[in-house]
Structures are given as C-alpha cells and as structure tokens.
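Below is final_22.txt, which holds compact mmCIF, C-alpha atoms.
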# COMPACT_ATOMS: atom_id res chain seq x y z
CA MET A 1 21.24 23.75 20.25
CA PRO A 2 17.77 25.41 20.30
CA PHE A 3 17.61 29.11 21.12
CA ILE A 4 16.47 29.79 24.69
CA ALA A 5 14.79 33.17 24.91
CA ASN A 6 15.27 34.69 28.36
CA SER A 7 13.35 37.93 28.80
CA ASP A 8 14.48 40.81 31.02
CA ALA A 9 11.91 39.64 33.56
CA ASP A 10 13.38 36.11 33.45
CA ARG A 11 16.86 37.49 34.07
CA ARG A 12 15.67 39.61 36.99
CA ALA A 13 13.94 36.60 38.54
CA MET A 14 17.08 34.46 38.23
CA LEU A 15 19.32 37.16 39.69
CA GLU A 16 16.90 37.69 42.55
CA ARG A 17 16.80 33.96 43.27
CA ILE A 18 20.58 33.79 43.70
CA GLY A 19 20.71 37.07 45.61
CA VAL A 20 22.51 39.20 43.02
CA GLY A 21 21.33 42.65 41.98
CA SER A 22 22.68 42.84 38.42
CA ILE A 23 24.68 41.08 35.71
CA GLU A 24 27.63 43.33 36.55
CA GLU A 25 27.50 42.19 40.18
CA LEU A 26 27.29 38.55 39.07
CA PHE A 27 30.65 38.90 37.29
CA ALA A 28 32.27 41.09 39.96
CA ASP A 29 34.97 38.47 40.65
CA ILE A 30 36.31 38.88 37.12
CA PRO A 31 38.80 41.79 36.78
CA ALA A 32 37.03 44.82 35.33
CA LYS A 33 39.22 45.02 32.22
CA ARG A 34 38.35 41.41 31.39
CA ARG A 35 34.59 41.51 31.92
CA PHE A 36 33.22 42.94 28.72
CA PRO A 37 35.96 42.89 26.07
CA SER A 38 35.45 44.51 22.71
CA LEU A 39 34.83 41.83 20.08
CA ASN A 40 35.74 42.58 16.49
CA ILE A 41 33.00 40.48 14.91
CA GLY A 42 31.48 42.98 12.50
CA GLU A 43 27.94 44.26 12.24
CA PRO A 44 25.02 42.20 13.57
CA LEU A 45 23.49 39.69 11.17
CA SER A 46 20.00 38.25 10.96
CA GLU A 47 19.42 34.60 11.84
CA LEU A 48 19.07 33.75 8.15
CA GLU A 49 22.37 35.45 7.31
CA VAL A 50 24.16 33.68 10.18
CA MET A 51 22.85 30.30 9.05
CA ARG A 52 23.99 30.91 5.47
CA GLU A 53 27.46 31.91 6.70
CA ILE A 54 27.78 28.81 8.88
CA GLU A 55 26.53 26.52 6.11
CA SER A 56 29.03 27.97 3.63
CA MET A 57 31.84 27.31 6.10
CA ALA A 58 30.61 23.77 6.79
CA ALA A 59 30.44 23.05 3.05
CA LYS A 60 34.25 23.26 2.93
CA ASN A 61 34.55 20.13 5.09
CA VAL A 62 35.32 16.80 3.49
CA THR A 63 32.81 14.32 4.91
CA ALA A 64 31.92 10.69 4.42
CA SER A 65 28.48 11.67 3.11
CA THR A 66 29.81 13.98 0.40
CA CYS A 67 32.80 11.94 -0.84
CA ALA A 68 33.79 8.47 -1.93
CA TRP A 69 35.01 7.37 1.49
CA PHE A 70 37.53 4.56 2.02
CA LEU A 71 39.04 5.69 5.32
CA GLY A 72 38.73 3.47 8.40
CA ALA A 73 41.56 2.82 10.86
CA GLY A 74 39.32 2.73 13.92
CA ALA A 75 36.39 4.95 12.92
CA TYR A 76 34.05 3.40 10.38
CA ASN A 77 31.43 4.75 8.02
CA HIS A 78 28.59 2.28 8.47
CA PHE A 79 24.96 3.06 7.72
CA VAL A 80 22.88 4.22 10.69
CA PRO A 81 19.12 3.65 10.20
CA ALA A 82 16.93 6.66 11.00
CA VAL A 83 15.06 4.80 13.73
CA VAL A 84 18.24 4.67 15.85
CA GLY A 85 18.37 8.43 16.27
CA ALA A 86 14.59 8.72 16.50
CA ILE A 87 14.44 6.46 19.55
CA ALA A 88 17.67 7.62 21.19
CA SER A 89 16.59 11.27 20.99
CA ARG A 90 13.32 10.73 22.83
CA GLY A 91 13.02 12.63 26.09
CA GLU A 92 13.12 9.44 28.13
CA PHE A 93 16.63 8.71 26.85
CA LEU A 94 18.15 12.03 25.82
CA THR A 95 19.94 12.56 29.13
CA ALA A 96 20.82 8.87 29.54
CA TYR A 97 23.68 8.39 31.98
CA THR A 98 24.80 6.11 34.76
CA PRO A 99 21.82 5.68 37.13
CA TYR A 100 22.95 6.60 40.63
CA GLN A 101 19.53 5.68 42.04
CA PRO A 102 19.40 2.64 39.79
CA GLU A 103 16.23 0.79 40.71
CA VAL A 104 14.21 3.97 40.12
CA SER A 105 15.49 4.06 36.52
CA GLN A 106 13.93 0.82 35.29
CA GLY A 107 13.81 1.95 31.65
CA THR A 108 17.51 2.87 31.59
CA LEU A 109 18.43 -0.35 33.37
CA GLN A 110 16.43 -2.45 30.95
CA ALA A 111 18.09 -0.75 27.96
CA ILE A 112 21.51 -1.54 29.46
CA PHE A 113 20.45 -5.12 30.21
CA GLU A 114 19.26 -5.66 26.64
CA TYR A 115 22.49 -4.14 25.29
CA GLN A 116 24.60 -6.40 27.51
CA SER A 117 22.64 -9.47 26.41
CA MET A 118 22.97 -8.78 22.67
CA ALA A 119 26.61 -7.70 22.94
CA ALA A 120 27.46 -10.87 24.88
CA ALA A 121 25.90 -13.02 22.17
CA LEU A 122 27.76 -11.11 19.45
CA LEU A 123 31.18 -11.30 21.12
CA GLY A 124 30.71 -14.83 22.42
CA MET A 125 31.11 -13.79 26.05
CA GLU A 126 29.16 -14.79 29.15
CA VAL A 127 28.97 -11.27 30.54
CA VAL A 128 29.37 -7.74 29.11
CA ASN A 129 29.49 -4.56 31.18
CA ALA A 130 27.73 -1.24 30.67
CA SER A 131 30.43 0.17 28.41
CA HIS A 132 33.56 2.33 28.42
CA TYR A 133 34.68 5.52 26.72
CA ASP A 134 35.93 3.85 23.52
CA GLY A 135 37.59 0.75 22.13
CA ALA A 136 41.05 1.84 23.26
CA THR A 137 40.10 2.29 26.91
CA ALA A 138 38.06 -0.93 26.82
CA LEU A 139 41.16 -2.84 25.65
CA ALA A 140 43.34 -1.15 28.26
CA GLU A 141 40.81 -2.13 30.93
CA ALA A 142 40.85 -5.68 29.58
CA VAL A 143 44.63 -5.85 29.98
CA LEU A 144 44.31 -4.36 33.46
CA MET A 145 41.76 -7.06 34.31
CA ALA A 146 44.20 -9.74 33.20
CA TYR A 147 47.00 -8.15 35.21
CA ASN A 148 44.85 -7.94 38.36
CA ASN A 149 43.96 -11.61 37.94
CA SER A 150 47.50 -12.79 37.29
CA SER A 151 48.92 -13.42 40.77
CA GLY A 152 52.28 -11.76 40.21
CA ARG A 153 52.71 -12.18 36.46
CA HIS A 154 54.02 -8.94 34.99
CA ARG A 155 54.43 -9.46 31.24
CA VAL A 156 51.92 -8.24 28.62
CA LEU A 157 52.29 -9.33 24.99
CA LEU A 158 50.79 -6.99 22.40
CA PRO A 159 50.63 -7.58 18.64
CA ALA A 160 52.96 -5.29 16.71
CA ALA A 161 50.02 -4.69 14.36
CA LEU A 162 47.75 -3.35 17.11
CA HIS A 163 46.34 0.12 16.43
CA PRO A 164 49.20 2.53 17.38
CA GLU A 165 46.85 4.76 19.38
CA TYR A 166 45.59 1.76 21.35
CA LYS A 167 49.20 0.98 22.26
CA GLU A 168 49.61 4.52 23.58
CA VAL A 169 46.50 4.23 25.74
CA ILE A 170 47.69 0.92 27.20
CA ALA A 171 51.13 2.41 27.89
CA THR A 172 49.49 5.35 29.68
CA TYR A 173 47.36 3.03 31.80
CA PHE A 174 50.41 1.05 32.94
CA ALA A 175 52.81 3.98 33.36
CA ALA A 176 52.71 3.57 37.15
CA PHE A 177 52.89 -0.25 37.14
CA GLU A 178 55.93 -2.50 37.04
CA VAL A 179 54.75 -4.21 33.89
CA ASP A 180 56.82 -5.41 30.96
CA ILE A 181 54.90 -4.59 27.78
CA ALA A 182 56.41 -6.41 24.80
CA GLU A 183 55.33 -6.79 21.18
CA TYR A 184 55.20 -9.81 18.91
CA SER A 185 54.78 -10.13 15.14
CA GLY A 186 52.56 -12.48 13.17
CA GLU A 187 50.21 -15.04 14.68
CA PRO A 188 49.35 -14.87 18.42
CA GLN A 189 50.43 -18.48 19.01
CA ALA A 190 53.97 -17.32 18.22
CA ALA A 191 53.85 -14.53 20.81
CA GLY A 192 56.15 -16.36 23.18
CA ALA A 193 53.97 -16.57 26.29
CA ASP A 194 55.72 -17.99 29.36
CA ALA A 195 55.29 -18.28 33.13
CA SER A 196 55.74 -14.50 33.55
CA THR A 197 53.01 -13.59 31.03
CA CYS A 198 49.68 -12.38 32.41
CA CYS A 199 48.02 -12.04 29.02
CA VAL A 200 48.46 -12.32 25.28
CA VAL A 201 46.53 -9.69 23.30
CA ALA A 202 45.32 -10.28 19.75
CA SER A 203 43.51 -8.06 17.22
CA TYR A 204 40.64 -9.54 15.23
CA PRO A 205 41.51 -8.26 12.63
CA ASP A 206 44.78 -6.41 13.25
CA PHE A 207 45.59 -2.85 12.18
CA ASP A 208 46.79 -4.03 8.76
CA GLY A 209 43.46 -5.77 8.24
CA GLU A 210 44.87 -9.29 8.67
CA ILE A 211 42.62 -11.89 10.33
CA ARG A 212 44.69 -13.97 12.74
CA ASP A 213 44.24 -17.53 14.06
CA LEU A 214 42.62 -16.90 17.44
CA LYS A 215 42.03 -20.55 18.33
CA ALA A 216 45.73 -21.42 18.11
CA GLY A 217 46.58 -18.19 19.94
CA ALA A 218 44.18 -18.98 22.78
CA ASP A 219 45.54 -22.51 23.14
CA ALA A 220 49.13 -21.25 23.30
CA ALA A 221 48.30 -18.57 25.88
CA HIS A 222 46.37 -20.97 28.08
CA ALA A 223 49.15 -23.54 27.89
CA ALA A 224 51.43 -20.91 29.45
CA GLY A 225 48.84 -20.08 32.13
CA ALA A 226 48.08 -16.68 30.61
CA LEU A 227 44.75 -15.13 29.69
CA PHE A 228 43.88 -14.51 26.04
CA VAL A 229 42.55 -10.99 25.37
CA VAL A 230 41.04 -10.05 22.00
CA HIS A 231 40.11 -6.71 20.48
CA ALA A 232 37.48 -7.46 17.83
CA ASP A 233 35.51 -5.80 15.05
CA PRO A 234 31.91 -6.40 16.22
CA ILE A 235 30.50 -6.30 12.69
CA MET A 236 32.89 -9.07 11.66
CA CYS A 237 31.70 -11.17 14.60
CA ALA A 238 28.30 -11.41 12.88
CA LEU A 239 29.92 -13.30 9.99
CA LEU A 240 32.94 -15.16 11.38
CA LYS A 241 33.26 -17.08 14.64
CA SER A 242 33.22 -14.84 17.71
CA PRO A 243 36.35 -14.45 19.88
CA GLY A 244 34.55 -16.27 22.68
CA GLU A 245 33.93 -19.29 20.45
CA LEU A 246 37.65 -19.30 19.61
CA GLY A 247 38.83 -19.33 23.24
CA ALA A 248 39.12 -15.69 24.31
CA ASP A 249 38.88 -14.97 28.04
CA ILE A 250 38.26 -11.23 27.65
CA VAL A 251 36.98 -9.39 24.58
CA ALA A 252 37.08 -5.65 23.92
CA ALA A 253 35.57 -3.90 20.91
CA GLU A 254 34.83 -0.48 19.48
CA GLY A 255 31.04 -0.17 19.26
CA GLN A 256 30.97 2.96 17.10
CA SER A 257 30.24 0.88 14.00
CA LEU A 258 27.04 -0.45 15.60
CA GLY A 259 24.60 2.39 14.99
CA ASN A 260 26.80 5.38 15.78
CA ALA A 261 28.16 8.01 13.42
CA MET A 262 31.88 8.81 13.30
CA ASN A 263 31.21 12.21 14.93
CA PHE A 264 34.66 13.59 14.08
CA GLY A 265 36.19 10.99 16.42
CA GLY A 266 33.74 10.70 19.28
CA PRO A 267 31.95 10.00 21.48
CA PHE A 268 32.54 6.32 20.83
CA LEU A 269 31.59 3.15 22.70
CA GLY A 270 33.98 0.80 24.46
CA MET A 271 32.58 -2.73 24.67
CA LEU A 272 34.04 -5.17 27.21
CA GLY A 273 33.05 -8.77 27.86
CA ALA A 274 34.52 -11.68 29.80
CA THR A 275 33.88 -15.19 31.02
CA SER A 276 31.86 -15.59 34.21
CA LYS A 277 34.91 -16.51 36.30
CA LEU A 278 36.38 -13.05 35.64
CA VAL A 279 33.21 -11.05 36.30
CA ARG A 280 34.41 -9.72 39.66
CA LYS A 281 37.55 -8.34 38.02
CA MET A 282 35.53 -6.41 35.45
CA PRO A 283 35.24 -2.62 35.81
CA GLY A 284 32.13 -0.59 35.07
CA ARG A 285 28.53 -1.45 35.76
CA ILE A 286 26.61 -4.64 35.13
CA VAL A 287 22.82 -4.73 35.10
CA GLY A 288 21.07 -7.89 36.24
CA GLN A 289 17.52 -9.18 35.96
CA ALA A 290 15.59 -9.99 39.13
CA LYS A 291 12.08 -10.30 40.58
CA ASP A 292 10.39 -8.14 43.18
CA ALA A 293 8.35 -9.35 46.19
CA GLN A 294 5.33 -9.87 43.91
CA GLY A 295 7.34 -11.90 41.41
CA ARG A 296 7.40 -9.19 38.75
CA ARG A 297 10.43 -8.87 36.49
CA GLY A 298 12.73 -5.97 37.32
CA PHE A 299 16.30 -4.80 36.74
CA VAL A 300 19.04 -3.99 39.23
CA LEU A 301 22.52 -2.50 39.10
CA THR A 302 24.89 -5.10 40.47
CA LEU A 303 28.59 -5.46 41.35
CA SER A 304 29.18 -1.68 41.31
CA ALA A 305 31.23 -2.03 44.52
CA ARG A 306 34.20 -2.56 42.20
CA GLU A 307 34.30 1.15 41.34
CA GLN A 308 36.08 4.04 42.97
CA HIS A 309 32.97 5.96 44.02
CA ILE A 310 32.22 3.02 46.31
CA ARG A 311 35.57 1.38 47.12
CA ARG A 312 37.92 4.27 46.32
CA GLU A 313 41.56 3.09 46.23
CA LYS A 314 40.45 -0.57 46.44
CA ALA A 315 38.46 -0.29 43.23
CA VAL A 316 39.22 -2.50 40.26
CA SER A 317 39.43 0.54 37.99
CA ASN A 318 39.07 4.30 37.85
CA ILE A 319 36.35 4.01 35.21
CA CYS A 320 33.27 5.63 36.75
CA SER A 321 31.06 6.32 33.75
CA ASN A 322 29.39 4.54 30.88
CA GLN A 323 28.64 5.85 27.40
CA GLY A 324 24.91 5.74 28.11
CA LEU A 325 23.51 7.42 25.02
CA VAL A 326 26.02 5.81 22.64
CA MET A 327 25.32 2.43 24.22
CA LEU A 328 21.59 3.02 23.77
CA GLN A 329 22.06 3.70 20.06
CA THR A 330 24.00 0.45 19.73
CA CYS A 331 21.23 -1.35 21.62
CA VAL A 332 18.59 0.01 19.22
CA TYR A 333 20.76 -0.84 16.20
CA LEU A 334 21.36 -4.44 17.31
CA ALA A 335 17.68 -4.98 18.11
CA LEU A 336 16.66 -3.50 14.75
CA MET A 337 19.16 -5.42 12.64
CA GLY A 338 18.92 -8.76 14.40
CA LYS A 339 21.15 -11.71 13.48
CA THR A 340 20.10 -11.71 9.82
CA GLY A 341 20.45 -7.99 9.25
CA LEU A 342 23.82 -7.74 10.96
CA LYS A 343 25.10 -10.74 9.00
CA THR A 344 23.94 -9.07 5.78
CA VAL A 345 25.91 -5.92 6.64
CA ALA A 346 28.99 -8.06 7.35
CA GLU A 347 28.60 -9.94 4.07
CA LEU A 348 28.34 -6.68 2.14
CA CYS A 349 31.54 -5.43 3.79
CA TRP A 350 33.32 -8.69 2.95
CA ASN A 351 32.15 -8.88 -0.65
CA LYS A 352 32.70 -5.21 -1.49
CA SER A 353 36.14 -5.06 0.11
CA HIS A 354 37.28 -8.17 -1.75
CA TYR A 355 35.94 -6.76 -5.01
CA ALA A 356 37.86 -3.54 -4.35
CA ALA A 357 41.06 -5.44 -3.51
CA SER A 358 40.82 -7.54 -6.65
CA ARG A 359 40.41 -4.41 -8.79
CA ILE A 360 43.23 -2.48 -7.09
CA ALA A 361 45.56 -5.47 -7.52
CA THR A 362 45.23 -5.05 -11.31
CA VAL A 363 46.53 -1.47 -11.25
CA PRO A 364 50.20 -1.30 -12.29
CA GLY A 365 52.46 -0.50 -9.34
CA PHE A 366 49.87 -1.40 -6.69
CA ALA A 367 49.77 -4.64 -4.66
CA VAL A 368 47.46 -5.86 -1.92
CA ARG A 369 49.59 -6.88 1.07
CA THR A 370 46.87 -8.30 3.35
CA LYS A 371 46.16 -11.99 2.76
CA SER A 372 43.00 -12.62 4.79
CA PHE A 373 40.80 -9.62 5.58
CA PHE A 374 37.26 -8.49 6.37
CA LYS A 375 36.75 -4.87 5.31
CA GLU A 376 40.23 -3.32 5.56
CA PHE A 377 43.39 -4.20 3.70
CA THR A 378 46.86 -2.74 3.17
CA VAL A 379 47.97 -1.71 -0.31
CA ALA A 380 51.55 -1.15 -1.44
CA THR A 381 51.74 2.02 -3.59
CA PRO A 382 54.24 3.06 -6.27
CA ILE A 383 54.49 6.62 -4.89
CA PRO A 384 54.07 7.85 -1.30
CA ALA A 385 50.55 7.11 -0.11
CA ALA A 386 50.26 10.58 1.41
CA GLU A 387 50.72 12.08 -2.06
CA ILE A 388 47.95 9.87 -3.42
CA CYS A 389 45.61 10.95 -0.62
CA ALA A 390 46.39 14.62 -1.22
CA LYS A 391 45.64 14.30 -4.94
CA LEU A 392 42.45 12.28 -4.60
CA THR A 393 40.98 14.24 -1.69
CA LYS A 394 40.88 17.28 -3.98
CA ARG A 395 38.63 15.20 -6.23
CA CYS A 396 36.38 14.27 -3.28
CA ILE A 397 37.81 10.76 -2.96
CA VAL A 398 39.31 9.75 0.39
CA PRO A 399 41.29 6.62 -0.59
CA GLY A 400 42.31 5.50 2.89
CA LEU A 401 44.95 6.08 5.55
CA PRO A 402 48.63 6.61 4.64
CA MET A 403 50.49 4.29 7.00
CA SER A 404 53.23 6.90 7.28
CA ARG A 405 50.94 8.70 9.72
CA TYR A 406 52.13 6.23 12.35
CA ASP A 407 55.32 4.84 10.83
CA PRO A 408 57.50 6.96 8.49
CA LYS A 409 59.09 3.75 7.15
CA ARG A 410 55.72 2.75 5.69
CA SER A 411 55.45 5.71 3.36
CA HIS A 412 54.38 3.58 0.39
CA GLU A 413 51.47 1.81 2.08
CA LEU A 414 47.79 2.71 2.15
CA LEU A 415 45.15 1.22 4.49
CA VAL A 416 41.89 0.98 2.52
CA CYS A 417 38.51 0.40 4.16
CA VAL A 418 35.35 -0.67 2.31
CA THR A 419 32.02 -0.88 4.16
CA GLU A 420 28.47 -1.57 3.05
CA THR A 421 28.05 2.16 2.32
CA CYS A 422 30.52 2.06 -0.58
CA THR A 423 28.94 1.61 -4.00
CA LYS A 424 30.38 -0.29 -6.95
CA GLY A 425 30.61 3.02 -8.81
CA GLN A 426 32.67 4.55 -6.01
CA ILE A 427 34.98 1.54 -5.89
CA ASP A 428 35.50 1.68 -9.65
CA LEU A 429 36.13 5.43 -9.39
CA LEU A 430 38.77 4.79 -6.72
CA VAL A 431 40.53 2.27 -8.93
CA GLU A 432 40.61 4.60 -11.96
CA SER A 433 41.75 7.50 -9.77
CA LEU A 434 44.61 5.43 -8.32
CA LYS A 435 45.79 4.76 -11.87
CA GLU A 436 45.86 8.46 -12.65
CA ALA A 437 47.40 9.50 -9.33
CA ALA A 438 50.35 7.15 -9.77
CA LYS A 439 51.33 8.55 -13.17
Target encoding structure tokens, full file:
Amino acid sequence: MPFIANSDADRRAMLERIGVGSIEELFADIPAKRRFPSLNIGEPLSELEVMREIESMAAKNVTASTCAWFLGAGAYNHFVPAVVGAIASRGEFLTAYTPYQPEVSQGTLQAIFEYQSMAAALLGMEVVNASHYDGATALAEAVLMAYNNSSGRHRVLLPAALHPEYKEVIATYFAAFEVDIAEYSGEPQAAGADASTCCVVASYPDFDGEIRDLKAGADAAHAAGALFVVHADPIMCALLKSPGELGADIVAAEGQSLGNAMNFGGPFLGMLGATSKLVRKMPGRIVGQAKDAQGRRGFVLTLSAREQHIRREKAVSNICSNQGLVMLQTCVYLALMGKTGLKTVAELCWNKSHYAASRIATVPGFAVRTKSFFKEFTVATPIPAAEICAKLTKRCIVPGLPMSRYDPKRSHELLVCVTETCTKGQIDLLVESLKEAAK
C-alpha cells in the first residue's frame, strides 16, 4: 500500500484528539516487556534496497504469468483486460461494499443491478443475488435454499465427482442439521431421487471435467418432487446451453474466471441464481429497479429482510456480505466482453483443450479419461502424477493437478486445464515434457 507519512506534529495532534499524552501511554495496557521487543532484522535499508530484496524473493514464486500453466481445479487463469482493473480501482468503487444506506448509493446499486441482469442471462436464471464469498459457499447456500423449501425432505444427493472442497463446505453448513447427505456416481438422472430428497446437485462440468446430461437430471429430480441444483462454469455457459435452459431450479457458480485474477486463492465471487418462485428463499441482497415520484429511474435494495442483521434467528441465511469489488470486476468484464466476446473466450478454451487432449493421447503411457469436456480433462499417467508435476514445475511447466491431492487411490491421474491464455507452443511443450517425464 502507499506510504503514509505522519509527521511528529501529526502524531501529537492524533494523540491529543484521543486524550493520550504519548505513544507509550497509548500502549500502556500491553505488558511492559512486550511493548517494544528487540527485532533482529539487521541494519536499516534504503527504499530501493528494500524493493530489490522483496522483488528477488517474489521472483522465486511459480506464477501463471511466468510459466506454462495448466492448473485449474477451481481457480482459473483467464485473461483479465486492463480496463477491468482501471474502472474497479476508481475512487467511486475502491471501497465498494454492501450499501447499508442503499438508496443513497445509486452508483453502487446500479452496478449490482447490471451485474445481476447479465449474470441471470448467462446462467439462465430469472433472478441472481448480489453475490457470496465464493463458489463453494454459493453452492452450499443453494442446497440450504432447497432444504428450506422442501417441507420436511431431508436427503441431499451430491455427485461423487463434485469438487472435494465444495463437499467439505456443504458438510460444514449442514453439521447442525438432521440431513442425510449422500453421493451418486455418473449421470444425475441416476442419482436415485425419491420422496425424501430435497435436492439433486449436479456439476456442469464435474471435477473430472465431464459434462453431464442436465436435462435428463432435471427431469428425474422433478419427477421425484425434488429441486435440481447446478454448479456451473460460467464461461462454459457462454458456449453451451445454460443450466436454466436445461431445467435447473437453482444455479451456483464461481465468478473468479469472469474478470478476476486467481489472487493466490481469493477473494473469489460466489454467484447464485434461482427461478422467481424461489426468490424469497434466496440469501444475500437483491437490487431492483424502480421510479421515484418524478418518474425517474432509480435503484433500490430489496428483500434484505431475509438476512440476520434484520431478522436475526429467523433469517434465511447467515450470509451478511457481498463480494462488492469482485462482483464489480465481473460486471465490468461481462459488459466489456458482451455475448460475442465471451463466446469467443469459451470457444478458445474448447478448441485449445481438445487440441491438448488429442496430443496428450498420442504420448505412450498416457490416456485421456474424460469423454466430454470443456476446458478440463483427466489424464491417466504411467507414473504417479505428483512425480510428473514435481519434475515439470522445475522446468517452469505446471502440468495440472495430481488427483492424489484429494484421493490417494488416484495417484496416476492428472487433471489438466487449458484456457484461452495457453498458447499452441505451451501446449506442444507440455506434450514433449510429459514424454520425457515418463521415461
């Protein structure tokens, strides 16, 4: 952050304002032996020397911008146009947060309204809220919505190929509920929904990269009286049919890929949409468009009585915040890209990933396990995938995620991700490096 130069006079003025005579008096509550410890940090350095030291340390990091990057698994290296950061970092938006005096914050409300509108069109939903912490919490909230709407149904069906960390978040959410969380394999229509099922959850695509038949899954869930909940890749929704078009009642998504950097794992953006009949079960904020007494267009925060700062223990959820700045960046990205631009990004991901898969499939000992995929696919490896990653990372190639990270039995499987940022040269380099690593 920028250096803030406080002079001695500034410090005296601040101390005087709070009624304290000195810095020592300010910290009087801290035991004397703990107040000013001796720090073994060496001799003072100039600003230039400090910057060089920090930069040399940072240069040791392996990053998506300095390597051939094929790692996904929930955090994706998509291109972020410069205009996204330029607009989001303006003073009007830099401290963007939930507006507690909403109608005064017309600019913030309009940004949220525009985000909701574009996100709803992308996901195929009638309404989208003002965001959650990340894709995992958004999906957990979606399941909670279904449970609260179920009238006594207590069974939740999750795909076995759901992201393992998402499963953990859902389990944490329902730790205090009498809910039976079960897993199913394969297509969602084979999940086994019955009269006790409140919802069937599907991944679009799943953690292995497989694209499942949502339409048949939705029909089977609805036939059993259950809701159909989908966690989707929003970029893929620009190319293939949206979950809403295929019958989903509630859709969650991770919005990081829409104009946000990976940021070492956060902050991310949880997207959540639903059909209109479920809007009063939805947590978070929803911004609506209205007119004032003179007929001028304005924006209002609506339905916030569902949250705990208003209704406390009667609230739909304990979510009380939205990812304002991350949501704004997604809003700018969607507006900038438009339907055509976003579809182009999706097509590049599709074409490049299928080129990569076709090349990898020719390498002796390697086989592509995923049949229908968008940008991620699972590869069977002749030696442990973790060994391959260790070898290639030293050469500044991050080949993907060893599946043994989550399941020791899957030691010879690698999850490879190819986005529009990957070049043909990098893909070819990956293929040649896999050949050498397996020797």
Fewer than 4 positions away in the same chain doesn't count, so skip those; otherwise give me all residues within 8 Å of segment 136-139 of chain A, counting all atoms listed in the file, as a ChimeraX atom specification.
/A:131-132,143,165-166,169-170,231,251-254,270-272
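Proximity of A:Thr66, A:Asn149, A:Gln329, A:Ser411 to Ala261 of chain A, computed with all atoms listed in the file, is greatest for A:Gln329.
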Hey, could you make a per-residue contact list for segment 144-251 of chain A against segment 391-410 of chain A with 10 Å as the cut-off, showing the nearest pair of atoms and its distance in Å to one decimal, counting only C-alpha atoms, sorted by chain and number, as a tab-separated table?
residue	atom	partner	partner_atom	distance
A:His163	CA	A:Tyr406	CA	9.4
A:Pro164	CA	A:Tyr406	CA	6.9
A:Glu165	CA	A:Tyr406	CA	8.9
A:Asp208	CA	A:Met403	CA	9.3
All residues 6 Å or closer to Val287 of chain A, all atoms listed in the file, same chain fewer than 4 positions away omitted, as a list in words:
Phe113, Val300, Leu301 and Thr302 of chain A
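The protein and nucleic acid residues lying at most 8 Å from Val230 of chain A are Val201, Ala202, Ser203, Tyr204, Pro243, Ala248, Ile250, Val251 and Ala252 of chain A, with all atoms listed in the file considered and sequence neighbours fewer than 6 positions away removed.
Restricting the calculation to all atoms listed in the file, the smallest distance between Ser196 of chain A and any of A:Cys422, A:Val104, A:Val179, A:Met14 is found for A:Val179.
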What is the atom CA of Gln426 of chain A-atom CA of Lys352 of chain A distance in Å, reported with one decimal?
10.8 Å
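Distances here use only C-alpha atoms; by that measure, the residue among A:Glu347, A:Glu103, A:Glu210, A:Glu420 closest to Val80 of chain A is A:Glu420.
You can rank A:Lys424, A:Arg285, A:Arg296, A:Arg155 by their closest distance to Ile319 of chain A using only C-alpha atoms, and at the top of that list sits A:Arg285.
Of the listed residues A:Ala367, A:Phe374, A:Thr108, A:Phe264, the one whose atoms come nearest to Leu240 of chain A is A:Phe374, with distances taken using all atoms listed in the file.
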Spatial neighbours of segment 214-227 of chain A, max dist 8 Å, all atoms listed in the file, sep filter under 3 positions, as number ranges by chain:
A: 146, 150, 187-190, 193-195, 197-200, 202, 204, 243, 246-250
Include C-alpha atoms and write out the residues we just selected as an mmCIF file, in the coordinates of the input.
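Okay, this is what ended up in selection.cif:
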data_model
loop_
_atom_site.group_PDB
_atom_site.id
_atom_site.type_symbol
_atom_site.label_atom_id
_atom_site.label_comp_id
_atom_site.auth_asym_id
_atom_site.auth_seq_id
_atom_site.Cartn_x
_atom_site.Cartn_y
_atom_site.Cartn_z
ATOM 1 C CA ALA A 146 44.200 -9.740 33.200
ATOM 2 C CA SER A 150 47.500 -12.790 37.290
ATOM 3 C CA GLU A 187 50.210 -15.040 14.680
ATOM 4 C CA PRO A 188 49.350 -14.870 18.420
ATOM 5 C CA GLN A 189 50.430 -18.480 19.010
ATOM 6 C CA ALA A 190 53.970 -17.320 18.220
ATOM 7 C CA ALA A 193 53.970 -16.570 26.290
ATOM 8 C CA ASP A 194 55.720 -17.990 29.360
ATOM 9 C CA ALA A 195 55.290 -18.280 33.130
ATOM 10 C CA THR A 197 53.010 -13.590 31.030
ATOM 11 C CA CYS A 198 49.680 -12.380 32.410
ATOM 12 C CA CYS A 199 48.020 -12.040 29.020
ATOM 13 C CA VAL A 200 48.460 -12.320 25.280
ATOM 14 C CA ALA A 202 45.320 -10.280 19.750
ATOM 15 C CA TYR A 204 40.640 -9.540 15.230
ATOM 16 C CA PRO A 243 36.350 -14.450 19.880
ATOM 17 C CA LEU A 246 37.650 -19.300 19.610
ATOM 18 C CA GLY A 247 38.830 -19.330 23.240
ATOM 19 C CA ALA A 248 39.120 -15.690 24.310
ATOM 20 C CA ASP A 249 38.880 -14.970 28.040
ATOM 21 C CA ILE A 250 38.260 -11.230 27.650
#
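Reported to one decimal place, the separation of atom CA of His412 of chain A from atom CA of Ala356 of chain A is 18.6 Å.
Interatomic distance, atom CA of Thr381 of chain A to atom CA of Phe366 of chain A: 5.0 Å.
Omitting Asn148 of chain A and its sequence neighbours fewer than 4 positions away, and counting all atoms listed in the file, the residues within 12 Å are Glu141, Ala142, Val143, Leu144, Gly152, Arg153, His154, Phe174, Phe177, Val179, Cys198, Cys199, Leu227, Leu278, Arg280, Lys281, Met282, Pro283, Lys314, Ala315, Val316 and Ser317 of chain A.
Using only C-alpha atoms, the smallest distance between any of A:Ile211, A:Ala82, A:Ala238, A:Val128 and Ser372 of chain A comes from A:Ile211.
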